[in-house]
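Enquirer: Input file: run-v5.pdb. Contents: PDB, C-alpha atoms and all ligand atoms.
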```pdb
ATOM      1  CA  MET A   1       0.000   0.000   0.000
ATOM      2  CA  GLU A   2       1.339   3.398  -1.007
ATOM      3  CA  LEU A   3       1.349   5.981   1.769
ATOM      4  CA  THR A   4       0.029   9.407   0.886
ATOM      5  CA  ASN A   5       1.863  12.510   2.007
ATOM      6  CA  THR A   6      -0.514  13.167   4.877
ATOM      7  CA  GLU A   7       0.050   9.676   6.270
ATOM      8  CA  ARG A   8       3.810  10.019   6.001
ATOM      9  CA  SER A   9       4.289  12.552   8.788
ATOM     10  CA  PRO A  10       7.871  13.692   9.367
ATOM     11  CA  LEU A  11       9.715  12.410  12.451
ATOM     12  CA  VAL A  12      10.162  14.850  15.292
ATOM     13  CA  ARG A  13      13.890  15.497  15.737
ATOM     14  CA  ILE A  14      16.046  17.027  18.456
ATOM     15  CA  PRO A  15      19.474  18.594  17.929
ATOM     16  CA  THR A  16      22.277  16.294  19.054
ATOM     17  CA  GLY A  17      24.434  19.050  20.534
ATOM     18  CA  ILE A  18      27.388  17.867  18.447
ATOM     19  CA  PRO A  19      28.351  20.574  15.933
ATOM     20  CA  GLY A  20      28.382  19.051  12.443
ATOM     21  CA  LEU A  21      26.422  15.909  13.322
ATOM     22  CA  ASP A  22      22.904  17.267  12.834
ATOM     23  CA  ASP A  23      23.742  18.038   9.192
ATOM     24  CA  MET A  24      24.579  14.346   8.692
ATOM     25  CA  ILE A  25      21.267  13.004  10.023
ATOM     26  CA  GLU A  26      18.501  15.270   8.694
ATOM     27  CA  SER A  27      18.914  17.765  11.556
ATOM     28  CA  GLY A  28      18.865  15.608  14.675
ATOM     29  CA  PHE A  29      18.091  12.374  16.516
ATOM     30  CA  PRO A  30      14.515  11.111  16.118
ATOM     31  CA  PHE A  31      12.414  11.920  19.189
ATOM     32  CA  PRO A  32      11.681   9.558  20.833
ATOM     33  CA  SER A  33      14.356   6.968  20.039
ATOM     34  CA  VAL A  34      17.187   4.916  21.544
ATOM     35  CA  ILE A  35      20.657   5.657  20.177
ATOM     36  CA  LEU A  36      23.886   3.715  20.766
ATOM     37  CA  VAL A  37      27.190   5.628  20.825
ATOM     38  CA  SER A  38      29.953   3.047  20.597
ATOM     39  CA  GLY A  39      33.729   3.156  20.758
ATOM     40  CA  THR A  40      36.864   2.001  22.544
ATOM     41  CA  ALA A  41      38.134   3.723  25.716
ATOM     42  CA  GLY A  42      38.896   7.409  25.252
ATOM     43  CA  THR A  43      37.106   7.889  21.932
ATOM     44  CA  GLY A  44      34.768  10.523  23.420
ATOM     45  CA  LYS A  45      31.578   8.659  24.391
ATOM     46  CA  THR A  46      31.116  10.453  27.702
ATOM     47  CA  THR A  47      31.969  13.799  26.119
ATOM     48  CA  PHE A  48      29.329  13.109  23.453
ATOM     49  CA  ALA A  49      26.760  12.256  26.137
ATOM     50  CA  LEU A  50      27.526  15.401  28.134
ATOM     51  CA  LYS A  51      27.138  17.604  25.064
ATOM     52  CA  PHE A  52      23.841  15.917  24.230
ATOM     53  CA  LEU A  53      22.546  16.742  27.726
ATOM     54  CA  ALA A  54      24.021  20.267  27.803
ATOM     55  CA  GLU A  55      22.299  21.030  24.500
ATOM     56  CA  GLY A  56      18.975  19.966  25.981
ATOM     57  CA  ALA A  57      19.611  21.906  29.193
ATOM     58  CA  ALA A  58      20.358  25.070  27.216
ATOM     59  CA  ARG A  59      16.996  24.606  25.477
ATOM     60  CA  GLY A  60      15.098  24.140  28.721
ATOM     61  CA  GLU A  61      14.746  20.376  28.308
ATOM     62  CA  GLN A  62      15.132  18.051  31.268
ATOM     63  CA  GLY A  63      18.038  15.591  31.235
ATOM     64  CA  LEU A  64      18.759  12.441  33.251
ATOM     65  CA  TYR A  65      22.261  10.960  33.337
ATOM     66  CA  PHE A  66      22.613   7.400  34.638
ATOM     67  CA  THR A  67      26.137   6.237  35.294
ATOM     68  CA  THR A  68      26.922   2.557  35.798
ATOM     69  CA  LEU A  69      30.395   3.285  37.169
ATOM     70  CA  SER A  70      29.577   4.000  40.851
ATOM     71  CA  GLU A  71      31.165   7.415  40.449
ATOM     72  CA  PRO A  72      30.178   9.996  43.063
ATOM     73  CA  THR A  73      28.506  13.145  41.767
ATOM     74  CA  GLN A  74      31.488  15.282  42.772
ATOM     75  CA  TRP A  75      33.800  13.151  40.647
ATOM     76  CA  MET A  76      31.630  13.566  37.596
ATOM     77  CA  LEU A  77      31.232  17.312  38.222
ATOM     78  CA  ARG A  78      34.987  17.768  38.528
ATOM     79  CA  PHE A  79      35.593  16.315  35.060
ATOM     80  CA  SER A  80      32.562  17.725  33.295
ATOM     81  CA  SER A  81      33.242  21.231  34.619
ATOM     82  CA  GLN A  82      36.488  21.202  32.607
ATOM     83  CA  PHE A  83      34.346  21.709  29.540
ATOM     84  CA  GLU A  84      33.337  25.287  28.798
ATOM     85  CA  PHE A  85      30.001  24.201  27.322
ATOM     86  CA  MET A  86      28.929  22.567  30.599
ATOM     87  CA  ARG A  87      27.516  24.996  33.121
ATOM     88  CA  PRO A  88      27.858  23.575  36.687
ATOM     89  CA  GLU A  89      24.390  24.901  37.563
ATOM     90  CA  PHE A  90      22.912  22.505  34.999
ATOM     91  CA  PHE A  91      23.512  19.771  37.570
ATOM     92  CA  GLU A  92      21.287  21.569  40.072
ATOM     93  CA  ASN A  93      18.208  21.307  37.869
ATOM     94  CA  GLU A  94      18.357  20.557  34.179
ATOM     95  CA  ILE A  95      20.581  17.486  34.426
ATOM     96  CA  VAL A  96      19.844  14.938  37.151
ATOM     97  CA  TYR A  97      22.746  12.591  37.890
ATOM     98  CA  GLU A  98      21.972   9.074  39.091
ATOM     99  CA  ASP A  99      24.405   6.314  40.012
ATOM    100  CA  LEU A 100      23.178   2.781  39.239
ATOM    101  CA  GLY A 101      26.211   1.075  40.803
ATOM    102  CA  ASN A 102      24.369  -0.331  43.834
ATOM    103  CA  HIS A 103      21.778  -2.085  41.696
ATOM    104  CA  LEU A 104      24.511  -3.606  39.545
ATOM    105  CA  ARG A 105      26.228  -5.144  42.527
ATOM    106  CA  ASP A 106      23.020  -6.956  43.511
ATOM    107  CA  GLY A 107      22.901  -8.605  40.079
ATOM    108  CA  ASP A 108      19.105  -8.280  40.021
ATOM    109  CA  SER A 109      18.114  -7.100  36.551
ATOM    110  CA  ALA A 110      14.425  -6.667  37.418
ATOM    111  CA  ALA A 111      15.383  -4.377  40.299
ATOM    112  CA  LEU A 112      17.733  -2.420  38.032
ATOM    113  CA  LEU A 113      14.991  -1.939  35.440
ATOM    114  CA  ASP A 114      12.566  -0.796  38.096
ATOM    115  CA  ALA A 115      15.110   1.653  39.512
ATOM    116  CA  ILE A 116      15.723   3.145  36.062
ATOM    117  CA  GLU A 117      12.024   3.427  35.305
ATOM    118  CA  LYS A 118      11.161   4.883  38.720
ATOM    119  CA  ARG A 119      13.756   7.623  38.284
ATOM    120  CA  ILE A 120      12.521   8.406  34.766
ATOM    121  CA  ALA A 121       8.963   8.704  36.104
ATOM    122  CA  GLU A 122      10.154  11.134  38.793
ATOM    123  CA  VAL A 123      12.358  13.291  36.578
ATOM    124  CA  MET A 124      10.312  13.119  33.338
ATOM    125  CA  PRO A 125      13.334  13.822  31.114
ATOM    126  CA  GLN A 126      13.331  14.490  27.390
ATOM    127  CA  ARG A 127      16.982  13.355  27.202
ATOM    128  CA  ILE A 128      18.323  10.261  28.970
ATOM    129  CA  VAL A 129      21.886   8.921  29.034
ATOM    130  CA  ILE A 130      23.075   5.516  30.283
ATOM    131  CA  ASP A 131      26.893   5.585  30.366
ATOM    132  CA  PRO A 132      28.260   2.994  29.755
ATOM    133  CA  ILE A 133      25.548   0.368  29.260
ATOM    134  CA  THR A 134      28.159  -2.343  28.567
ATOM    135  CA  VAL A 135      29.153  -2.444  32.255
ATOM    136  CA  VAL A 136      25.739  -4.007  32.901
ATOM    137  CA  GLY A 137      26.724  -6.868  30.586
ATOM    138  CA  GLU A 138      29.884  -7.524  32.540
ATOM    139  CA  MET A 139      27.971  -7.643  35.828
ATOM    140  CA  PHE A 140      24.915  -9.624  34.662
ATOM    141  CA  LYS A 141      26.338 -12.050  32.098
ATOM    142  CA  ASP A 142      23.417 -14.404  31.363
ATOM    143  CA  GLY A 143      20.574 -12.013  32.067
ATOM    144  CA  TYR A 144      22.053  -9.235  29.919
ATOM    145  CA  ARG A 145      20.216  -9.864  26.637
ATOM    146  CA  GLN A 146      16.885 -10.114  28.396
ATOM    147  CA  PHE A 147      17.711  -6.935  30.318
ATOM    148  CA  LEU A 148      18.505  -5.032  27.100
ATOM    149  CA  PHE A 149      15.328  -6.266  25.463
ATOM    150  CA  ASP A 150      13.220  -5.191  28.450
ATOM    151  CA  LEU A 151      15.077  -1.897  28.848
ATOM    152  CA  THR A 152      14.663  -0.756  25.251
ATOM    153  CA  ASN A 153      11.000  -1.781  25.266
ATOM    154  CA  ARG A 154      10.358   0.192  28.433
ATOM    155  CA  LEU A 155      12.270   3.204  27.137
ATOM    156  CA  LYS A 156       9.942   3.278  24.152
ATOM    157  CA  ASN A 157       7.052   4.071  26.513
ATOM    158  CA  TRP A 158       8.670   7.352  27.552
ATOM    159  CA  ASN A 159       8.737  10.547  25.557
ATOM    160  CA  ALA A 160      12.498  10.833  25.462
ATOM    161  CA  THR A 161      15.530  10.268  23.305
ATOM    162  CA  THR A 162      17.901   7.927  25.137
ATOM    163  CA  LEU A 163      21.598   7.743  24.409
ATOM    164  CA  VAL A 164      23.337   4.588  25.621
ATOM    165  CA  THR A 165      27.105   4.347  25.339
ATOM    166  CA  GLY A 166      28.882   1.089  24.593
ATOM    167  CA  GLU A 167      32.540   0.473  25.305
ATOM    168  CA  VAL A 168      34.164  -2.062  22.988
ATOM    169  CA  ARG A 169      37.608  -3.643  22.759
ATOM    170  CA  PRO A 170      40.070  -2.472  20.123
ATOM    171  CA  GLY A 171      39.066  -4.033  16.792
ATOM    172  CA  GLU A 172      35.367  -4.247  17.678
ATOM    173  CA  LEU A 173      32.910  -1.728  16.221
ATOM    174  CA  TYR A 174      29.923  -2.045  18.541
ATOM    175  CA  PRO A 175      28.509  -4.430  21.130
ATOM    176  CA  PRO A 176      26.427  -6.827  18.945
ATOM    177  CA  GLU A 177      23.910  -7.710  21.661
ATOM    178  CA  ILE A 178      22.740  -4.073  21.835
ATOM    179  CA  SER A 179      22.776  -3.142  18.173
ATOM    180  CA  TYR A 180      19.548  -4.859  17.127
ATOM    181  CA  ALA A 181      17.554  -3.149  19.866
ATOM    182  CA  VAL A 182      18.461   0.474  19.078
ATOM    183  CA  ASP A 183      17.137   2.942  16.504
ATOM    184  CA  GLY A 184      20.510   4.464  15.746
ATOM    185  CA  ILE A 185      24.213   3.627  15.992
ATOM    186  CA  VAL A 186      26.986   6.226  16.048
ATOM    187  CA  LEU A 187      30.537   4.854  16.034
ATOM    188  CA  LEU A 188      33.525   6.683  17.471
ATOM    189  CA  HIS A 189      36.818   5.384  16.074
ATOM    190  CA  MET A 190      40.413   5.938  16.957
ATOM    191  CA  ALA A 191      43.143   5.296  14.390
ATOM    192  CA  GLU A 192      46.868   5.745  14.480
ATOM    193  CA  GLU A 193      48.166   7.676  11.507
ATOM    194  CA  LEU A 194      51.681   9.006  11.063
ATOM    195  CA  GLY A 195      52.346   8.403  14.738
ATOM    196  CA  SER A 196      49.375  10.405  16.022
ATOM    197  CA  ARG A 197      45.953   9.211  17.062
ATOM    198  CA  ARG A 198      43.100  10.606  15.014
ATOM    199  CA  LYS A 199      39.470  10.283  16.008
ATOM    200  CA  TYR A 200      36.503   9.735  13.718
ATOM    201  CA  LEU A 201      32.722   9.557  13.894
ATOM    202  CA  GLU A 202      30.562   7.380  11.670
ATOM    203  CA  VAL A 203      26.771   7.084  11.535
ATOM    204  CA  LEU A 204      26.164   3.377  10.979
ATOM    205  CA  LYS A 205      22.395   3.325  11.374
ATOM    206  CA  MET A 206      19.660   5.895  11.967
ATOM    207  CA  ARG A 207      16.118   4.643  11.490
ATOM    208  CA  GLY A 208      13.873   6.789   9.336
ATOM    209  CA  THR A 209      16.813   8.944   8.334
ATOM    210  CA  ASN A 210      18.688   9.522   5.119
ATOM    211  CA  HIS A 211      22.045   9.776   6.883
ATOM    212  CA  VAL A 212      25.523  10.502   5.618
ATOM    213  CA  THR A 213      27.839   7.481   5.592
ATOM    214  CA  GLY A 214      31.582   7.067   6.077
ATOM    215  CA  LYS A 215      34.108   8.212   8.663
ATOM    216  CA  HIS A 216      34.323  11.884   9.549
ATOM    217  CA  SER A 217      37.143  13.457  11.545
ATOM    218  CA  ILE A 218      36.245  14.718  14.987
ATOM    219  CA  ASP A 219      38.003  16.952  17.468
ATOM    220  CA  ILE A 220      37.627  17.056  21.253
ATOM    221  CA  SER A 221      38.343  20.366  22.943
ATOM    222  CA  ARG A 222      37.673  22.095  26.241
ATOM    223  CA  LYS A 223      35.611  24.769  24.551
ATOM    224  CA  GLU A 224      33.197  22.811  22.378
ATOM    225  CA  GLY A 225      33.560  19.247  23.559
ATOM    226  CA  LEU A 226      33.162  16.947  20.570
ATOM    227  CA  ILE A 227      32.770  18.418  17.078
ATOM    228  CA  VAL A 228      32.613  16.865  13.629
ATOM    229  CA  LEU A 229      35.118  18.635  11.394
ATOM    230  CA  LYS A 230      33.934  19.734   7.983
ATOM    231  CA  ALA A 231      35.423  17.645   5.213
ATOM    232  CA  ARG A 232      38.354  19.402   3.557
ATOM    233  CA  PHE A 233      39.149  18.753  -0.060
TER
HETATM  234  N1  LIG B   1      39.414  19.360  27.620
HETATM  235  C1  LIG B   1      39.826  18.493  26.710
HETATM  236  N2  LIG B   1      40.581  18.897  25.664
HETATM  237  C2  LIG B   1      40.987  18.022  24.739
HETATM  238  N3  LIG B   1      40.725  16.726  24.754
HETATM  239  C3  LIG B   1      39.983  16.265  25.765
HETATM  240  C4  LIG B   1      39.508  17.118  26.785
HETATM  241  N4  LIG B   1      38.800  16.364  27.636
HETATM  242  C5  LIG B   1      38.837  15.113  27.153
HETATM  243  N5  LIG B   1      39.559  15.054  26.042
HETATM  244  C6  LIG B   1      39.842  13.851  25.241
HETATM  245  O1  LIG B   1      38.740  13.009  25.324
HETATM  246  C7  LIG B   1      39.144  11.745  25.865
HETATM  247  C8  LIG B   1      38.138  11.195  26.866
HETATM  248  O2  LIG B   1      36.910  11.264  26.312
HETATM  249  P1  LIG B   1      35.717  10.491  27.024
HETATM  250  O3  LIG B   1      34.515  11.181  26.520
HETATM  251  O4  LIG B   1      35.894  10.393  28.479
HETATM  252  O5  LIG B   1      35.897   9.066  26.335
HETATM  253  P2  LIG B   1      35.155   7.696  26.620
HETATM  254  O6  LIG B   1      33.938   8.004  27.430
HETATM  255  O7  LIG B   1      34.839   7.185  25.249
HETATM  256  O8  LIG B   1      36.143   6.816  27.315
HETATM  257  C9  LIG B   1      40.381  12.015  26.618
HETATM  258  O9  LIG B   1      41.158  10.849  26.686
HETATM  259  C10 LIG B   1      41.019  13.088  25.792
HETATM  260  O10 LIG B   1      41.710  12.525  24.706
HETATM  261 MG    MG B   2      33.257   7.306  29.298
END
```
Is it possible to give me this structure as C-alpha cells?
Expert:
Amino acid sequence: MELTNTERSPLVRIPTGIPGLDDMIESGFPFPSVILVSGTAGTGKTTFALKFLAEGAARGEQGLYFTTLSEPTQWMLRFSSQFEFMRPEFFENEIVYEDLGNHLRDGDSAALLDAIEKRIAEVMPQRIVIDPITVVGEMFKDGYRQFLFDLTNRLKNWNATTLVTGEVRPGELYPPEISYAVDGIVLLHMAEELGSRRKYLEVLKMRGTNHVTGKHSIDISRKEGLIVLKARF
C-alpha cells in the first residue's frame, strides 16, 4: 500500500548538541528513540553524552544521566566542569545525575529496570543517558540480553531520546547484543596515523533517516567538547 503525504508525517527530531552531526542526520536524533554511541576507551563517548545533555539543558529540556560506574557526583562534576560548554548549575536542575552502581552489585536485573524506570517517572526527562551500558553486561552475564530487550521496550514508553554508550575492545565496532535493539548507531573510532591518534565519527544506522555514511574526523576540545570537522578537499 502506497502511503500518501498526509500519512507520512515527518519524524520529530532534536538537535544532538554535536556541531556538524545534525547536518549528517537530517537535523537531529529522532524523538523519541534509543541511540547507541559506541567506541573504545577514550574515543569521546562520555563527552558526546555530556554535550547531548548540555544542549537539551540550554533549550530548557530536562536531562537524566545514569552512570553505571559507581562514580560519586562530585567526581563527575569535577571532570565535566572542565568543559566550557557545561555549566555547573545545569547539575542543580536541568541534568539529574543518578548512580546505578548499587543495583549492579546486587545482580538483580528486574530491580535495576525498576530503579531506572522509577527515576525516569520522577524526573520526566526528554533526554536520557546511560553511560556505559556495557558495564551491565559484565555484571549480569546471562541475564544481559533479556535486560537489554526489556530496557529498550520500556524506554519506548517514555517521551524521550535515550543515548546509551557502549565500550568495545580495540578491533570491535559495537557491542552486537545491543545493536539490534536500538534505533541508531553512532561509532567513534580511533586510528593511528603518522604516529598520532586521530578520532573519527561514523553514523552506521539511523532509522527513518537519510544519513551521511563514512568516517568523519572529529576533534575534542575544552571549549566545544566533541565536534565533527567539515570535510576538507
Ligand atoms: N578538555 C579536553 N581537551 C581536549 N581533549 C579532551 C579534553 N577532555 C577530554 N579530552 C579527550 O577526550 C578523551 C576522553 O573522552 P571520554 O569522553 O571520556 O571518552 P570515553 O567516554 O569514550 O572513554 C580524553 O582521553 C582526551 O583525549
Ligand atoms: Mg566514558
Enquirer: How close does each residue of chain A get to ligand LIG 1 (chain B), giving the shortest atom pair and distance in Å to one decimal for every residue with an atom at most 12 Å away, counting all atoms listed in the file, sorted by chain and residue number, as CSV?
Expert:
```
residue,atom,partner,partner_atom,distance
A:Val37,CA,B:LIG1,O7,9.0
A:Ser38,CA,B:LIG1,O7,7.9
A:Gly39,CA,B:LIG1,O7,6.1
A:Thr40,CA,B:LIG1,O7,6.2
A:Ala41,CA,B:LIG1,O8,4.0
A:Gly42,CA,B:LIG1,O8,3.5
A:Thr43,CA,B:LIG1,O7,4.1
A:Gly44,CA,B:LIG1,O3,3.2
A:Lys45,CA,B:LIG1,O7,3.7
A:Thr46,CA,B:LIG1,O3,3.7
A:Thr47,CA,B:LIG1,O3,3.7
A:Phe48,CA,B:LIG1,O3,6.3
A:Ala49,CA,B:LIG1,O3,7.8
A:Leu50,CA,B:LIG1,O3,8.3
A:Lys51,CA,B:LIG1,O3,9.9
A:Phe52,CA,B:LIG1,O3,11.9
A:Thr67,CA,B:LIG1,O6,11.2
A:Leu69,CA,B:LIG1,O6,11.4
A:Met76,CA,B:LIG1,O4,10.6
A:Arg78,CA,B:LIG1,N4,11.6
A:Phe79,CA,B:LIG1,N4,8.1
A:Ser80,CA,B:LIG1,N4,8.5
A:Ser81,CA,B:LIG1,N1,9.5
A:Gln82,CA,B:LIG1,N1,6.1
A:Phe83,CA,B:LIG1,N1,5.9
A:Glu84,CA,B:LIG1,N1,8.6
A:Phe85,CA,B:LIG1,N1,10.6
A:Met86,CA,B:LIG1,N1,11.4
A:Ile130,CA,B:LIG1,O6,11.5
A:Asp131,CA,B:LIG1,O6,8.0
A:Pro132,CA,B:LIG1,O6,7.9
A:Ile133,CA,B:LIG1,O6,11.5
A:Thr134,CA,B:LIG1,O6,11.9
A:Val164,CA,B:LIG1,O6,11.3
A:Thr165,CA,B:LIG1,O6,8.0
A:Gly166,CA,B:LIG1,O7,8.5
A:Glu167,CA,B:LIG1,O7,7.1
A:Val168,CA,B:LIG1,O7,9.5
A:Arg169,CA,B:LIG1,O7,11.5
A:Leu187,CA,B:LIG1,O7,10.4
A:Leu188,CA,B:LIG1,O7,7.9
A:His189,CA,B:LIG1,O7,9.6
A:Met190,CA,B:LIG1,O7,10.1
A:Ser196,CA,B:LIG1,O10,11.8
A:Arg197,CA,B:LIG1,O10,9.3
A:Arg198,CA,B:LIG1,O10,10.0
A:Lys199,CA,B:LIG1,O10,9.3
A:Tyr200,CA,B:LIG1,O7,11.9
A:Leu201,CA,B:LIG1,O7,11.8
A:Ile218,CA,B:LIG1,O1,10.8
A:Asp219,CA,B:LIG1,N3,7.8
A:Ile220,CA,B:LIG1,N3,4.7
A:Ser221,CA,B:LIG1,N2,3.8
A:Arg222,CA,B:LIG1,N1,3.5
A:Lys223,CA,B:LIG1,N1,7.3
A:Glu224,CA,B:LIG1,N1,8.8
A:Gly225,CA,B:LIG1,C1,7.1
A:Leu226,CA,B:LIG1,O1,8.3
A:Ile227,CA,B:LIG1,N3,11.2
```
Enquirer: Output C-alpha atoms for every residue in that selection, as a short mmCIF file (atom, residue, chain, number, x, y, z; two decimals), in the frame of the given file.
Expert:
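The resulting file, part_30.cif, is shown below:
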```
data_model
loop_
_atom_site.label_atom_id
_atom_site.label_comp_id
_atom_site.auth_asym_id
_atom_site.auth_seq_id
_atom_site.Cartn_x
_atom_site.Cartn_y
_atom_site.Cartn_z
CA VAL A 37 27.19 5.63 20.82
CA SER A 38 29.95 3.05 20.60
CA GLY A 39 33.73 3.16 20.76
CA THR A 40 36.86 2.00 22.54
CA ALA A 41 38.13 3.72 25.72
CA GLY A 42 38.90 7.41 25.25
CA THR A 43 37.11 7.89 21.93
CA GLY A 44 34.77 10.52 23.42
CA LYS A 45 31.58 8.66 24.39
CA THR A 46 31.12 10.45 27.70
CA THR A 47 31.97 13.80 26.12
CA PHE A 48 29.33 13.11 23.45
CA ALA A 49 26.76 12.26 26.14
CA LEU A 50 27.53 15.40 28.13
CA LYS A 51 27.14 17.60 25.06
CA PHE A 52 23.84 15.92 24.23
CA THR A 67 26.14 6.24 35.29
CA LEU A 69 30.40 3.28 37.17
CA MET A 76 31.63 13.57 37.60
CA ARG A 78 34.99 17.77 38.53
CA PHE A 79 35.59 16.32 35.06
CA SER A 80 32.56 17.73 33.30
CA SER A 81 33.24 21.23 34.62
CA GLN A 82 36.49 21.20 32.61
CA PHE A 83 34.35 21.71 29.54
CA GLU A 84 33.34 25.29 28.80
CA PHE A 85 30.00 24.20 27.32
CA MET A 86 28.93 22.57 30.60
CA ILE A 130 23.08 5.52 30.28
CA ASP A 131 26.89 5.58 30.37
CA PRO A 132 28.26 2.99 29.76
CA ILE A 133 25.55 0.37 29.26
CA THR A 134 28.16 -2.34 28.57
CA VAL A 164 23.34 4.59 25.62
CA THR A 165 27.10 4.35 25.34
CA GLY A 166 28.88 1.09 24.59
CA GLU A 167 32.54 0.47 25.30
CA VAL A 168 34.16 -2.06 22.99
CA ARG A 169 37.61 -3.64 22.76
CA LEU A 187 30.54 4.85 16.03
CA LEU A 188 33.52 6.68 17.47
CA HIS A 189 36.82 5.38 16.07
CA MET A 190 40.41 5.94 16.96
CA SER A 196 49.38 10.40 16.02
CA ARG A 197 45.95 9.21 17.06
CA ARG A 198 43.10 10.61 15.01
CA LYS A 199 39.47 10.28 16.01
CA TYR A 200 36.50 9.74 13.72
CA LEU A 201 32.72 9.56 13.89
CA ILE A 218 36.24 14.72 14.99
CA ASP A 219 38.00 16.95 17.47
CA ILE A 220 37.63 17.06 21.25
CA SER A 221 38.34 20.37 22.94
CA ARG A 222 37.67 22.10 26.24
CA LYS A 223 35.61 24.77 24.55
CA GLU A 224 33.20 22.81 22.38
CA GLY A 225 33.56 19.25 23.56
CA LEU A 226 33.16 16.95 20.57
CA ILE A 227 32.77 18.42 17.08
#
```
Enquirer: Between A:Val135, A:Ala110, A:Val186, A:Arg105, which residue has the minimum interatomic distance to ligand MG 2 (chain B), considering all atoms listed in the file?
Expert: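 Closest candidate: A:Val135.
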Enquirer: For the PyMOL selection byres (((chain A and resi 90) around 10) and not hetatm), applied here, can you spell out every residue it catches as a list in words?
Expert: Leu53, Ala54, Ala57, Ala58, Gln62, Gly63, Met86, Arg87, Pro88, Glu89, Phe91, Glu92, Asn93, Glu94, Ile95 and Val96 of chain A
Enquirer: Kindly indicate which residue among A:Phe140, A:Phe147, A:Trp158, A:Tyr97 lies nearest to Leu113 (chain A), using only C-alpha atoms for the distances.
Expert: A:Phe147
Enquirer: Hey, can you check how far CA of Ile120 (chain A) sits from CA of Thr68 (chain A)?
Expert: 15.6 Å
Enquirer: Considering only C-alpha atoms, state which residue in the set A:Leu100, A:Leu194, A:Leu229, A:Ala181 is at the smallest distance from Arg207 (chain A).
Expert: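 The closest residue to Arg207 (chain A) is A:Ala181.
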Enquirer: As AutoDock Vina command-line options, what would the box around region 142-154 of chain A look like: edges along x, y and z, 6 Å added on every side, centre and edge lengths in Å to one decimal?
Expert:
```
--center_x 16.9 --center_y -7.1 --center_z 28.7 --size_x 25.1 --size_y 26.6 --size_z 18.8
```
Enquirer: Do you know which residues the PyMOL selection byres (((chain A and resi 27-29) around 8) and not hetatm) returns on this file, as a compact mmCIF listing (two decimals) with C-alpha atoms, in the coordinates of the input?
Expert:
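Written output follows (out_22.txt):
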```txt
# COMPACT_ATOMS: atom_id res chain seq x y z
CA ARG A 13 13.89 15.50 15.74
CA ILE A 14 16.05 17.03 18.46
CA PRO A 15 19.47 18.59 17.93
CA THR A 16 22.28 16.29 19.05
CA LEU A 21 26.42 15.91 13.32
CA ASP A 22 22.90 17.27 12.83
CA ASP A 23 23.74 18.04 9.19
CA MET A 24 24.58 14.35 8.69
CA ILE A 25 21.27 13.00 10.02
CA GLU A 26 18.50 15.27 8.69
CA PRO A 30 14.52 11.11 16.12
CA PHE A 31 12.41 11.92 19.19
CA SER A 33 14.36 6.97 20.04
CA THR A 161 15.53 10.27 23.30
```
Enquirer: For the structure shown, which residues end up in the PyMOL selection byres (((chain A and resi 155) around 10) and not hetatm)? Put them as a PyMOL selection string, please?
Expert: chain A and resi 32-34+116-117+120+128+150-154+156-162
